[in-house]
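One file, run.txt, carrying compact mmCIF, N, CA and C atoms:
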# COMPACT_ATOMS: atom_id res chain seq x y z
N MET E 1 98.95 78.35 100.11
CA MET E 1 98.29 78.71 98.86
C MET E 1 99.24 78.47 97.70
N LYS E 2 98.77 77.76 96.69
CA LYS E 2 99.56 77.49 95.50
C LYS E 2 99.70 78.76 94.68
N THR E 3 100.89 78.95 94.12
CA THR E 3 101.09 80.09 93.22
C THR E 3 100.86 79.62 91.80
N HIS E 4 100.03 80.36 91.08
CA HIS E 4 99.74 80.02 89.69
C HIS E 4 100.54 80.93 88.77
N SER E 5 100.78 80.47 87.55
CA SER E 5 101.53 81.27 86.57
C SER E 5 100.66 82.41 86.06
N LYS E 6 101.30 83.41 85.51
CA LYS E 6 100.59 84.54 84.89
C LYS E 6 99.62 84.02 83.83
N GLU E 7 100.06 83.04 83.06
CA GLU E 7 99.23 82.49 82.00
C GLU E 7 97.97 81.83 82.55
N GLN E 8 98.11 81.08 83.67
CA GLN E 8 96.94 80.44 84.28
C GLN E 8 95.96 81.47 84.82
N ILE E 9 96.49 82.49 85.48
CA ILE E 9 95.63 83.53 86.05
C ILE E 9 94.93 84.29 84.94
N GLU E 10 95.67 84.66 83.90
CA GLU E 10 95.09 85.41 82.79
C GLU E 10 94.04 84.58 82.05
N ALA E 11 94.32 83.32 81.81
CA ALA E 11 93.36 82.46 81.10
C ALA E 11 92.07 82.31 81.91
N THR E 12 92.20 82.12 83.21
CA THR E 12 91.01 81.99 84.06
C THR E 12 90.22 83.29 84.08
N ALA E 13 90.91 84.40 84.28
CA ALA E 13 90.23 85.70 84.32
C ALA E 13 89.55 86.01 82.99
N ASN E 14 90.22 85.74 81.88
CA ASN E 14 89.62 86.01 80.57
C ASN E 14 88.40 85.13 80.31
N ALA E 15 88.40 83.94 80.87
CA ALA E 15 87.28 83.03 80.67
C ALA E 15 86.01 83.51 81.37
N ILE E 16 86.16 84.31 82.44
CA ILE E 16 84.98 84.75 83.19
C ILE E 16 84.75 86.26 83.15
N LYS E 17 85.62 87.01 82.51
CA LYS E 17 85.55 88.48 82.55
C LYS E 17 84.25 89.04 82.00
N ASP E 18 83.63 88.37 81.03
CA ASP E 18 82.40 88.90 80.43
C ASP E 18 81.29 89.09 81.46
N HIS E 19 81.34 88.34 82.56
CA HIS E 19 80.34 88.48 83.61
C HIS E 19 80.53 89.74 84.44
N PHE E 20 81.68 90.39 84.30
CA PHE E 20 82.02 91.54 85.15
C PHE E 20 82.16 92.85 84.38
N ILE E 21 82.09 92.81 83.06
CA ILE E 21 82.24 94.02 82.26
C ILE E 21 81.13 95.00 82.63
N PRO E 22 81.50 96.25 82.91
CA PRO E 22 80.50 97.25 83.31
C PRO E 22 79.44 97.47 82.23
N LYS E 23 78.22 97.69 82.65
CA LYS E 23 77.14 97.97 81.71
C LYS E 23 77.27 99.37 81.11
N ASN E 24 77.93 100.27 81.83
CA ASN E 24 78.16 101.63 81.35
C ASN E 24 79.19 101.62 80.22
N ALA E 25 78.77 101.97 79.02
CA ALA E 25 79.66 101.94 77.86
C ALA E 25 80.81 102.93 77.98
N GLU E 26 80.67 103.92 78.85
CA GLU E 26 81.74 104.92 79.03
C GLU E 26 82.85 104.43 79.96
N ALA E 27 82.62 103.31 80.65
CA ALA E 27 83.63 102.80 81.59
C ALA E 27 84.92 102.47 80.86
N LYS E 28 86.04 102.78 81.49
CA LYS E 28 87.36 102.55 80.90
C LYS E 28 88.12 101.43 81.61
N ASN E 29 87.66 101.04 82.82
CA ASN E 29 88.35 99.97 83.53
C ASN E 29 87.40 99.32 84.53
N PHE E 30 87.79 98.13 84.97
CA PHE E 30 87.06 97.42 86.01
C PHE E 30 87.98 96.37 86.63
N SER E 31 87.59 95.88 87.78
CA SER E 31 88.36 94.82 88.43
C SER E 31 87.39 93.84 89.07
N PHE E 32 87.89 92.64 89.36
CA PHE E 32 87.08 91.66 90.07
C PHE E 32 88.00 90.65 90.76
N HIS E 33 87.41 89.92 91.69
CA HIS E 33 88.11 88.90 92.46
C HIS E 33 87.58 87.53 92.02
N PHE E 34 88.46 86.53 92.05
CA PHE E 34 88.02 85.17 91.77
C PHE E 34 88.95 84.19 92.47
N THR E 35 88.51 82.94 92.55
CA THR E 35 89.26 81.89 93.21
C THR E 35 89.57 80.78 92.21
N ILE E 36 90.82 80.33 92.22
CA ILE E 36 91.18 79.11 91.51
C ILE E 36 91.23 78.03 92.60
N PRO E 37 90.33 77.04 92.50
CA PRO E 37 90.24 76.03 93.56
C PRO E 37 91.58 75.33 93.81
N PRO E 38 91.81 74.95 95.06
CA PRO E 38 90.83 75.00 96.13
C PRO E 38 90.81 76.33 96.88
N SER E 39 91.92 77.09 96.90
CA SER E 39 91.89 78.28 97.76
C SER E 39 92.86 79.38 97.33
N SER E 40 93.09 79.54 96.05
CA SER E 40 93.97 80.60 95.57
C SER E 40 93.11 81.76 95.06
N ASN E 41 93.19 82.89 95.74
CA ASN E 41 92.35 84.05 95.42
C ASN E 41 93.16 85.11 94.70
N TYR E 42 92.54 85.71 93.68
CA TYR E 42 93.22 86.73 92.89
C TYR E 42 92.30 87.91 92.63
N ARG E 43 92.92 89.07 92.43
CA ARG E 43 92.21 90.27 91.98
C ARG E 43 92.86 90.65 90.66
N VAL E 44 92.02 90.94 89.66
CA VAL E 44 92.53 91.33 88.35
C VAL E 44 91.95 92.69 87.95
N ASP E 45 92.72 93.42 87.17
CA ASP E 45 92.31 94.74 86.68
C ASP E 45 92.33 94.72 85.15
N TYR E 46 91.26 95.23 84.57
CA TYR E 46 91.14 95.32 83.12
C TYR E 46 91.00 96.78 82.71
N GLU E 47 91.45 97.07 81.49
CA GLU E 47 91.35 98.41 80.94
C GLU E 47 90.91 98.30 79.48
N LYS E 48 90.06 99.23 79.06
CA LYS E 48 89.57 99.24 77.68
C LYS E 48 90.56 99.97 76.80
N ASP E 49 90.94 99.35 75.66
CA ASP E 49 91.85 100.01 74.74
C ASP E 49 91.08 100.87 73.74
N ALA E 50 91.79 101.54 72.85
CA ALA E 50 91.18 102.45 71.89
C ALA E 50 90.19 101.76 70.95
N LYS E 51 90.34 100.45 70.76
CA LYS E 51 89.44 99.69 69.88
C LYS E 51 88.24 99.14 70.63
N GLY E 52 88.19 99.37 71.95
CA GLY E 52 87.07 98.89 72.75
C GLY E 52 87.26 97.50 73.32
N ASN E 53 88.46 96.95 73.21
CA ASN E 53 88.76 95.63 73.76
C ASN E 53 89.21 95.76 75.21
N TRP E 54 88.80 94.80 76.04
CA TRP E 54 89.21 94.78 77.44
C TRP E 54 90.47 93.95 77.59
N ASN E 55 91.51 94.55 78.17
CA ASN E 55 92.80 93.88 78.34
C ASN E 55 93.19 93.81 79.81
N LEU E 56 93.70 92.66 80.21
CA LEU E 56 94.21 92.47 81.57
C LEU E 56 95.45 93.34 81.72
N ILE E 57 95.46 94.23 82.71
CA ILE E 57 96.62 95.09 82.90
C ILE E 57 97.37 94.78 84.20
N ALA E 58 96.72 94.11 85.14
CA ALA E 58 97.38 93.79 86.41
C ALA E 58 96.63 92.68 87.13
N TYR E 59 97.38 91.95 87.96
CA TYR E 59 96.75 90.97 88.83
C TYR E 59 97.58 90.86 90.09
N GLU E 60 96.93 90.37 91.14
CA GLU E 60 97.63 90.15 92.40
C GLU E 60 96.93 89.07 93.20
N ALA E 61 97.71 88.35 93.98
CA ALA E 61 97.11 87.39 94.91
C ALA E 61 96.34 88.18 95.95
N ASP E 62 95.19 87.66 96.34
CA ASP E 62 94.32 88.37 97.26
C ASP E 62 93.91 87.43 98.39
N SER E 63 94.33 87.75 99.58
CA SER E 63 93.99 86.89 100.72
C SER E 63 92.72 87.34 101.42
N LYS E 64 92.08 88.43 100.93
CA LYS E 64 90.89 88.99 101.60
C LYS E 64 89.59 88.44 101.08
N VAL E 65 89.62 87.61 100.06
CA VAL E 65 88.38 87.11 99.47
C VAL E 65 87.75 86.09 100.37
If you convert what's in this file into structure tokens, what do you get?
Amino acid sequence: MKTHSKEQIEATANAIKDHFIPKNAEAKNFSFHFTIPPSSNYRVDYEKDAKGNWNLIAYEADSKV
């Protein structure tokens, strides 16, 4: 499995995060899994800041996807 840079992972996650934002306006965090082809799997965690913006707070390679 190729290792991607933090910038590549963050850019990819930010590009698709809107599809995973919780519908519940009270939610403060969420996570999701995604793949960077051909076979690099990641899990990312987002948290809502005081202004209501979603920020990437953590990521990890995920072999369970």
Within 7 Å of His33 in chain E, counting only C-alpha atoms, which residues show up once you throw out same-chain ones fewer than 3 positions away? Write them as a list of chain:residue names, please.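 Using only C-alpha atoms, the neighbours found are E:Tyr42, E:Arg43, E:Val44.
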Would you please work out which residue, of E:Thr35, E:Tyr46, E:Lys2, E:Ile9, is nearest to Pro22 in chain E when using only C-alpha atoms?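 Checking each of E:Thr35, E:Tyr46, E:Lys2, E:Ile9 against Pro22 in chain E, counting only C-alpha atoms, the winner is E:Tyr46.
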Residue list as a VMD selection string for point (88.3, 99.5, 91.9), cut-off 10 Å, only C-alpha atoms: chain E and resid 29 to 32 44 to 45
Looking only at the backbone, which of the residues in chain E does DSSP tag as alpha helix (DSSP H), as a PyMOL selection string? chain E and resi 6-16
Taking the chain letters and numbering used in this document, name the residues of range 6-63 of chain E that DSSP puts in strand (DSSP E), as a list in words.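 Taking range 6-63 of chain E and keeping strand (DSSP E) gives Asn29, Phe30, Ser31, Phe32, His33, Phe34, Thr35, Ile36, Ser40, Asn41, Tyr42, Arg43, Val44, Asp45, Tyr46, Glu47, Lys48, Trp54, Asn55, Leu56, Ile57, Ala58, Tyr59, Glu60 and Ala61 of chain E.
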For the atom pair CA of Ile57 in chain E and CA of Ile21 in chain E, what is the interatomic distance in Å to one decimal place? 14.4 Å
Coordinates of box centre and edge lengths for range 14-28 of chain E, 6 Å on every side, axis-aligned, as JSON:
{"center_x": 83.7, "center_y": 94.0, "center_z": 81.5, "size_x": 25.1, "size_y": 33.9, "size_z": 19.3}
Point-to-point distance from CA of Pro37 in chain E to CA of Ala58 in chain E, Å rounded to tenths: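 Atom-to-atom, CA of Pro37 in chain E and CA of Ala58 in chain E are spaced 20.4 Å apart.
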When distances are computed from only C-alpha atoms, which of E:Glu26, E:Pro38, E:Leu56, E:Lys51 shows the smallest separation from Ala13 in chain E?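 Closest residue, counting only C-alpha atoms: E:Leu56.
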Distance in Å - atom N of Thr3 in chain E versus atom N of Ser63 in chain E: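 Taking atom N of Thr3 in chain E and atom N of Ser63 in chain E, their separation equals 12.3 Å.
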With distances taken over all atoms listed in the file, which of E:Ser5, E:Asp18, E:Asp62, E:Glu10 is nearest to Ser40 in chain E?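 Using all atoms listed in the file, the shortest distance to Ser40 in chain E belongs to E:Asp62.
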